[in-house]
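As provided, model.tsv (TSV, C-alpha atoms) reads as follows.
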chain	number	residue	atom	x	y	z
A	339	MET	CA	-0.83	-68.09	20.70
A	340	VAL	CA	0.93	-65.52	18.50
A	341	ALA	CA	4.30	-67.05	19.37
A	342	TYR	CA	3.22	-70.56	18.37
A	343	LEU	CA	1.71	-69.24	15.15
A	344	VAL	CA	4.89	-67.33	14.29
A	345	ILE	CA	7.08	-70.38	14.90
A	346	ILE	CA	4.83	-72.57	12.71
A	347	ILE	CA	4.87	-69.98	9.91
A	348	PHE	CA	8.65	-69.64	10.12
A	349	LEU	CA	9.31	-73.39	9.97
A	350	THR	CA	6.77	-73.88	7.17
A	351	ALA	CA	8.21	-71.06	5.07
A	352	VAL	CA	11.82	-72.17	5.57
A	353	GLY	CA	10.93	-75.82	4.90
A	354	LEU	CA	9.20	-74.94	1.63
A	355	PHE	CA	12.12	-72.85	0.42
A	356	VAL	CA	14.80	-75.36	1.42
A	357	TRP	CA	13.10	-78.59	0.29
A	358	VAL	CA	10.17	-77.86	-2.04
A	359	PHE	CA	10.30	-74.69	-4.16
A	360	PRO	CA	12.13	-75.40	-7.44
A	361	ASP	CA	14.44	-72.38	-7.52
A	362	THR	CA	15.78	-72.74	-3.98
A	363	ASN	CA	15.46	-76.36	-2.83
A	364	VAL	CA	18.60	-78.26	-1.89
A	365	LEU	CA	17.73	-81.43	-3.82
A	366	ASP	CA	17.69	-79.66	-7.19
A	367	TYR	CA	20.71	-77.54	-6.29
A	368	GLY	CA	22.93	-80.62	-6.19
A	369	PHE	CA	25.28	-79.45	-3.45
A	370	ALA	CA	25.20	-80.47	0.22
A	371	ASP	CA	24.85	-77.07	1.87
A	372	LEU	CA	22.25	-74.93	3.56
A	373	SER	CA	22.98	-71.63	1.83
A	374	SER	CA	19.32	-71.27	0.84
A	375	LEU	CA	18.27	-71.46	4.50
A	376	PHE	CA	20.76	-68.85	5.68
A	377	SER	CA	20.12	-66.47	2.79
A	378	LEU	CA	16.33	-66.56	3.19
A	379	ALA	CA	15.99	-66.72	6.98
A	380	PRO	CA	17.02	-63.07	7.61
A	381	TYR	CA	14.24	-61.81	5.35
A	382	ILE	CA	11.69	-64.08	7.03
A	383	PHE	CA	12.98	-62.88	10.41
A	384	MET	CA	12.34	-59.28	9.35
A	385	PHE	CA	8.62	-59.94	9.49
A	386	LEU	CA	8.27	-62.71	12.05
A	387	ILE	CA	10.36	-61.23	14.86
A	388	PRO	CA	8.50	-57.89	14.80
A	389	ALA	CA	5.30	-59.95	15.00
A	390	ILE	CA	6.63	-61.47	18.24
A	391	THR	CA	7.89	-58.23	19.78
A	392	MET	CA	5.13	-55.83	18.70
A	393	ARG	CA	3.07	-56.57	21.83
A	394	THR	CA	5.88	-56.33	24.40
A	395	PHE	CA	5.21	-52.72	25.39
A	396	ALA	CA	2.47	-51.59	23.00
A	397	GLU	CA	-0.06	-54.00	24.52
A	398	GLU	CA	0.87	-52.88	28.04
A	399	LYS	CA	0.24	-49.25	27.09
A	400	LYS	CA	-2.99	-49.97	25.27
A	401	THR	CA	-4.55	-51.99	28.09
A	402	GLY	CA	-3.29	-49.62	30.78
A	403	THR	CA	-1.20	-52.23	32.58
A	404	MET	CA	2.04	-50.37	31.89
A	405	GLU	CA	1.53	-48.14	34.93
A	406	LEU	CA	0.87	-51.21	37.09
A	407	LEU	CA	4.03	-52.86	35.80
A	408	LEU	CA	6.11	-49.77	36.55
A	409	THR	CA	4.91	-49.74	40.16
A	410	LYS	CA	6.48	-53.14	40.76
A	411	PRO	CA	9.85	-53.26	42.58
A	412	LEU	CA	11.65	-53.58	39.24
A	413	THR	CA	14.08	-51.30	37.48
A	414	ASP	CA	13.52	-50.25	33.87
A	415	TRP	CA	16.34	-52.56	32.83
A	416	ASP	CA	14.67	-55.48	34.62
A	417	ILE	CA	11.49	-54.92	32.62
A	418	ILE	CA	13.28	-54.38	29.31
A	419	LEU	CA	15.59	-57.37	29.65
A	420	GLY	CA	12.75	-59.60	30.82
A	421	LYS	CA	10.66	-58.80	27.76
A	422	TYR	CA	13.68	-58.88	25.43
A	423	LEU	CA	15.01	-62.24	26.62
A	424	SER	CA	11.59	-63.88	26.55
A	425	SER	CA	11.13	-62.80	22.90
A	426	LEU	CA	14.67	-63.90	22.02
A	427	PHE	CA	14.00	-67.29	23.62
A	428	LEU	CA	11.11	-67.82	21.21
A	429	VAL	CA	13.36	-66.94	18.27
A	430	VAL	CA	15.93	-69.53	19.37
A	431	ILE	CA	13.18	-72.12	19.88
A	432	ALA	CA	12.02	-71.45	16.31
A	433	LEU	CA	15.54	-72.08	15.01
A	434	LEU	CA	16.20	-75.34	16.87
A	435	PRO	CA	14.05	-77.61	14.63
A	436	THR	CA	16.06	-76.47	11.58
A	437	LEU	CA	19.02	-78.46	12.94
A	438	ILE	CA	17.22	-81.43	11.41
A	439	TYR	CA	18.05	-79.90	8.02
A	440	TYR	CA	21.76	-80.05	8.83
A	441	TYR	CA	21.44	-83.71	9.79
A	442	ALA	CA	19.60	-84.45	6.54
A	443	ILE	CA	22.22	-82.65	4.45
A	444	TYR	CA	24.97	-84.45	6.36
A	445	GLN	CA	23.38	-87.80	5.48
A	446	LEU	CA	22.76	-86.84	1.84
A	447	GLY	CA	26.34	-85.73	1.20
A	448	ASN	CA	28.46	-87.77	-1.21
A	449	PRO	CA	30.49	-89.07	0.53
A	450	LYS	CA	28.43	-88.99	3.71
A	451	GLY	CA	29.29	-85.94	5.82
A	452	ASN	CA	30.60	-83.94	2.86
A	453	VAL	CA	29.27	-80.63	4.15
A	454	ASP	CA	30.92	-77.45	5.39
A	455	SER	CA	30.08	-77.90	9.06
A	456	ALA	CA	32.12	-74.88	10.15
A	457	GLY	CA	30.22	-72.68	7.71
A	458	VAL	CA	26.87	-74.08	8.85
A	459	PHE	CA	27.49	-73.51	12.55
A	460	GLY	CA	29.02	-70.10	11.86
A	461	SER	CA	25.84	-69.26	9.97
A	462	TYR	CA	23.72	-70.44	12.89
A	463	ILE	CA	25.67	-68.22	15.26
A	464	GLY	CA	25.24	-65.32	12.85
A	465	LEU	CA	21.51	-66.04	12.53
A	466	ILE	CA	21.04	-66.12	16.31
A	467	LEU	CA	22.92	-62.83	16.67
A	468	LEU	CA	20.89	-61.35	13.83
A	469	GLY	CA	17.71	-62.53	15.51
A	470	ALA	CA	18.93	-60.95	18.75
A	471	VAL	CA	19.41	-57.62	16.96
A	472	PHE	CA	15.99	-57.78	15.30
A	473	THR	CA	14.44	-58.62	18.69
A	474	ALA	CA	16.11	-55.59	20.29
A	475	ILE	CA	14.88	-53.38	17.44
A	476	GLY	CA	11.37	-54.82	17.75
A	477	THR	CA	11.38	-54.19	21.50
A	478	PHE	CA	12.37	-50.58	20.90
A	479	ALA	CA	9.68	-50.14	18.23
A	480	SER	CA	7.05	-51.50	20.60
A	481	SER	CA	8.09	-49.03	23.30
A	482	ILE	CA	7.44	-45.94	21.18
A	483	SER	CA	3.84	-46.68	20.19
A	484	GLU	CA	0.61	-47.88	21.74
A	485	ASN	CA	-0.49	-49.43	18.45
A	486	GLN	CA	0.83	-52.92	17.71
A	487	ILE	CA	0.55	-52.49	13.94
A	488	VAL	CA	2.53	-49.26	14.06
A	489	SER	CA	5.17	-50.98	16.18
A	490	PHE	CA	5.29	-53.85	13.70
A	491	VAL	CA	5.74	-51.54	10.70
A	492	ILE	CA	8.44	-49.48	12.40
A	493	ALA	CA	10.34	-52.62	13.43
A	494	VAL	CA	10.17	-54.11	9.92
A	495	PHE	CA	11.39	-50.84	8.41
A	496	LEU	CA	14.32	-50.51	10.84
A	497	CYS	CA	15.33	-54.17	10.42
A	498	PHE	CA	15.25	-53.86	6.63
A	499	LEU	CA	17.16	-50.58	6.75
A	500	LEU	CA	19.96	-52.00	8.89
A	501	TYR	CA	20.16	-55.33	7.07
A	502	ALA	CA	19.73	-54.47	3.40
A	503	GLY	CA	19.33	-50.70	3.23
A	504	ILE	CA	22.85	-49.74	4.25
A	505	SER	CA	24.50	-52.14	1.77
A	506	ALA	CA	22.20	-50.83	-0.97
A	507	LEU	CA	23.20	-47.29	-0.03
A	508	ALA	CA	26.88	-48.25	-0.09
A	509	SER	CA	26.50	-49.58	-3.64
A	510	LEU	CA	25.82	-46.10	-4.99
A	511	VAL	CA	28.72	-44.83	-7.10
A	512	ILE	CA	28.79	-41.45	-5.37
A	513	TRP	CA	30.69	-42.85	-2.39
A	514	GLY	CA	33.80	-43.98	-4.26
A	515	GLY	CA	36.36	-45.46	-1.89
A	516	ALA	CA	34.14	-44.87	1.14
A	517	ALA	CA	31.60	-47.46	-0.07
A	518	TYR	CA	33.40	-50.34	1.66
A	519	VAL	CA	33.45	-48.49	4.98
A	520	ILE	CA	29.74	-47.69	4.69
A	521	SER	CA	28.91	-51.31	3.85
A	522	GLN	CA	30.56	-52.38	7.12
A	523	LEU	CA	27.86	-50.49	9.00
A	524	GLY	CA	25.20	-52.91	7.71
A	525	LEU	CA	24.06	-56.08	9.44
A	526	ASP	CA	24.38	-58.16	6.28
A	527	TYR	CA	28.14	-57.51	6.01
A	528	HIS	CA	28.84	-58.97	9.44
A	529	TYR	CA	26.25	-61.73	9.05
A	530	ASN	CA	27.84	-62.90	5.79
A	531	ALA	CA	31.27	-62.77	7.42
A	532	LEU	CA	30.14	-65.14	10.18
A	533	SER	CA	28.54	-67.42	7.58
A	534	LYS	CA	32.01	-68.26	6.26
A	535	GLY	CA	32.69	-70.20	9.45
A	536	LEU	CA	35.26	-67.82	10.90
A	537	ILE	CA	34.01	-66.30	14.15
A	538	ASP	CA	35.65	-62.89	14.27
A	539	SER	CA	35.27	-61.01	17.55
A	540	ARG	CA	34.77	-57.76	15.58
A	541	ASN	CA	31.62	-59.12	13.98
A	542	VAL	CA	30.27	-60.39	17.30
A	543	LEU	CA	31.08	-57.06	18.95
A	544	TYR	CA	29.20	-55.24	16.20
A	545	PHE	CA	26.02	-57.25	16.83
A	546	LEU	CA	26.30	-56.80	20.59
A	547	SER	CA	26.81	-53.05	20.12
A	548	VAL	CA	23.65	-52.70	18.01
A	549	ILE	CA	21.70	-54.69	20.60
A	550	PHE	CA	22.98	-52.43	23.37
A	551	VAL	CA	22.09	-49.28	21.44
A	552	ALA	CA	18.56	-50.52	20.68
A	553	LEU	CA	17.90	-51.56	24.29
A	554	SER	CA	19.40	-48.31	25.57
A	555	ALA	CA	17.01	-46.41	23.30
A	556	THR	CA	14.16	-48.44	24.81
A	557	LYS	CA	15.40	-47.50	28.28
A	558	LEU	CA	15.44	-43.87	27.23
A	559	VAL	CA	11.82	-44.09	26.03
A	560	LEU	CA	10.67	-45.70	29.28
A	561	GLY	CA	12.65	-43.20	31.32
A	562	SER	CA	10.99	-40.29	29.52
A	563	ARG	CA	7.93	-40.72	31.77
A	564	LYS	CA	9.97	-39.13	34.58
A	565	TRP	CA	10.81	-36.00	32.61

Whole structure, structure tokens version:
Amino acid sequence: MVAYLVIIIFLTAVGLFVWVFPDTNVLDYGFADLSSLFSLAPYIFMFLIPAITMRTFAEEKKTGTMELLLTKPLTDWDIILGKYLSSLFLVVIALLPTLIYYYAIYQLGNPKGNVDSAGVFGSYIGLILLGAVFTAIGTFASSISENQIVSFVIAVFLCFLLYAGISALASLVIWGGAAYVISQLGLDYHYNALSKGLIDSRNVLYFLSVIFVALSATKLVLGSRKW
């Protein structure tokens, strides 16, 4: 039920921002693009994805079924990837209906089809990868606490830190020439690069690396029971 509720909230929020609210809607903007969707979706994801993942391990620990799960003939990676991929699947399902927005913009363009399709699909790839990172972070946050609310708060904080916090830190004047290098450590730098429509393997590798680190940290937490 939580998953359905999260998907409904996500689609409602995105729909209002893209088509209704005066400062962000496409119709008043006058240009056939979906920049408002791709600039707002990461911030909505910061709250909705942790809401999906907060129960993955925390609920198991709270109800005492974690021990039962660990007695199954499954490796730690089997358990982690099963929970991670199921959460990521819900994120992708939530994104699919927004393809209707691209079709609408395509039809509204003057002339018809006057839209940066490469930029749109690059942004979708970036958004899916960003959602995959947030899901991995949320899975890790859920593994370190028995309380779902605590897991949710930790996941939101870590997602915000990696997406907006690092770029904000890099903007400080104290870094000088190192600011650009620091900014490249943030999720938003690589997400914005993909949004330009050019799929650079370095950006994709960055997202995959963060996912691997987050899931490896989850594996480390689960493995700590054997210490």

| said: I'd like the contact shell of Lys557 in chain A - 9 Å cut-off, only C-alpha atoms, skipping same-chain residues fewer than 4 positions apart - returned as number ranges by chain. | reply: A: 414-415, 418, 478, 481, 552-553, 561-562

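In this comparison, which uses only C-alpha atoms, the residue of A:Ala341, A:Val352, A:Ile520, A:Ile537 approaching Pro435 in chain A most closely is A:Val352.
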
| query | For Val340 in chain A, which residue among A:Gly524, A:Pro388, A:Lys421, A:Gly460 is the nearest when counting all atoms listed in the file? | reply | A:Pro388

| task | Record the distance separating CA of Leu525 in chain A and CA of Glu397 in chain A, expressed in Å with one decimal. | result | 28.5 Å

| said: Restricting the calculation to all atoms listed in the file: of A:Leu407, A:Ile549, A:Val542, A:Ile438, which residue gets closest to Val471 in chain A? | reply: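 Of all the options, A:Ile549 lies closest to Val471 in chain A.
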
Dig up all the protein and nucleic acid residues within 12 Å of (19.3, -78.5, 4.7) in the file frame, using all atoms listed in the file, and format them as an mmCIF file with C-alpha atoms, in the frame of the given file.
data_model
loop_
_atom_site.group_PDB
_atom_site.id
_atom_site.type_symbol
_atom_site.label_atom_id
_atom_site.label_comp_id
_atom_site.auth_asym_id
_atom_site.auth_seq_id
_atom_site.Cartn_x
_atom_site.Cartn_y
_atom_site.Cartn_z
ATOM 1 C CA VAL A 352 11.820 -72.170 5.570
ATOM 2 C CA GLY A 353 10.930 -75.820 4.900
ATOM 3 C CA LEU A 354 9.200 -74.940 1.630
ATOM 4 C CA PHE A 355 12.120 -72.850 0.420
ATOM 5 C CA VAL A 356 14.800 -75.360 1.420
ATOM 6 C CA TRP A 357 13.100 -78.590 0.290
ATOM 7 C CA VAL A 358 10.170 -77.860 -2.040
ATOM 8 C CA THR A 362 15.780 -72.740 -3.980
ATOM 9 C CA ASN A 363 15.460 -76.360 -2.830
ATOM 10 C CA VAL A 364 18.600 -78.260 -1.890
ATOM 11 C CA LEU A 365 17.730 -81.430 -3.820
ATOM 12 C CA TYR A 367 20.710 -77.540 -6.290
ATOM 13 C CA GLY A 368 22.930 -80.620 -6.190
ATOM 14 C CA PHE A 369 25.280 -79.450 -3.450
ATOM 15 C CA ALA A 370 25.200 -80.470 0.220
ATOM 16 C CA ASP A 371 24.850 -77.070 1.870
ATOM 17 C CA LEU A 372 22.250 -74.930 3.560
ATOM 18 C CA SER A 373 22.980 -71.630 1.830
ATOM 19 C CA SER A 374 19.320 -71.270 0.840
ATOM 20 C CA LEU A 375 18.270 -71.460 4.500
ATOM 21 C CA PHE A 376 20.760 -68.850 5.680
ATOM 22 C CA PRO A 435 14.050 -77.610 14.630
ATOM 23 C CA THR A 436 16.060 -76.470 11.580
ATOM 24 C CA LEU A 437 19.020 -78.460 12.940
ATOM 25 C CA ILE A 438 17.220 -81.430 11.410
ATOM 26 C CA TYR A 439 18.050 -79.900 8.020
ATOM 27 C CA TYR A 440 21.760 -80.050 8.830
ATOM 28 C CA TYR A 441 21.440 -83.710 9.790
ATOM 29 C CA ALA A 442 19.600 -84.450 6.540
ATOM 30 C CA ILE A 443 22.220 -82.650 4.450
ATOM 31 C CA TYR A 444 24.970 -84.450 6.360
ATOM 32 C CA GLN A 445 23.380 -87.800 5.480
ATOM 33 C CA LEU A 446 22.760 -86.840 1.840
ATOM 34 C CA GLY A 447 26.340 -85.730 1.200
ATOM 35 C CA VAL A 453 29.270 -80.630 4.150
ATOM 36 C CA ASP A 454 30.920 -77.450 5.390
ATOM 37 C CA SER A 455 30.080 -77.900 9.060
ATOM 38 C CA VAL A 458 26.870 -74.080 8.850
#

| request: Rank A:Ser461, A:Ser377, A:Asn448, A:Thr403 by their smallest atom-to-atom distance to Lys534 in chain A, using only C-alpha atoms, and report the top residue only. | output: A:Ser461

| request: Find the distance between CA of Ile487 in chain A and CA of Ala555 in chain A and write it in Å to one decimal. | output: 19.9 Å
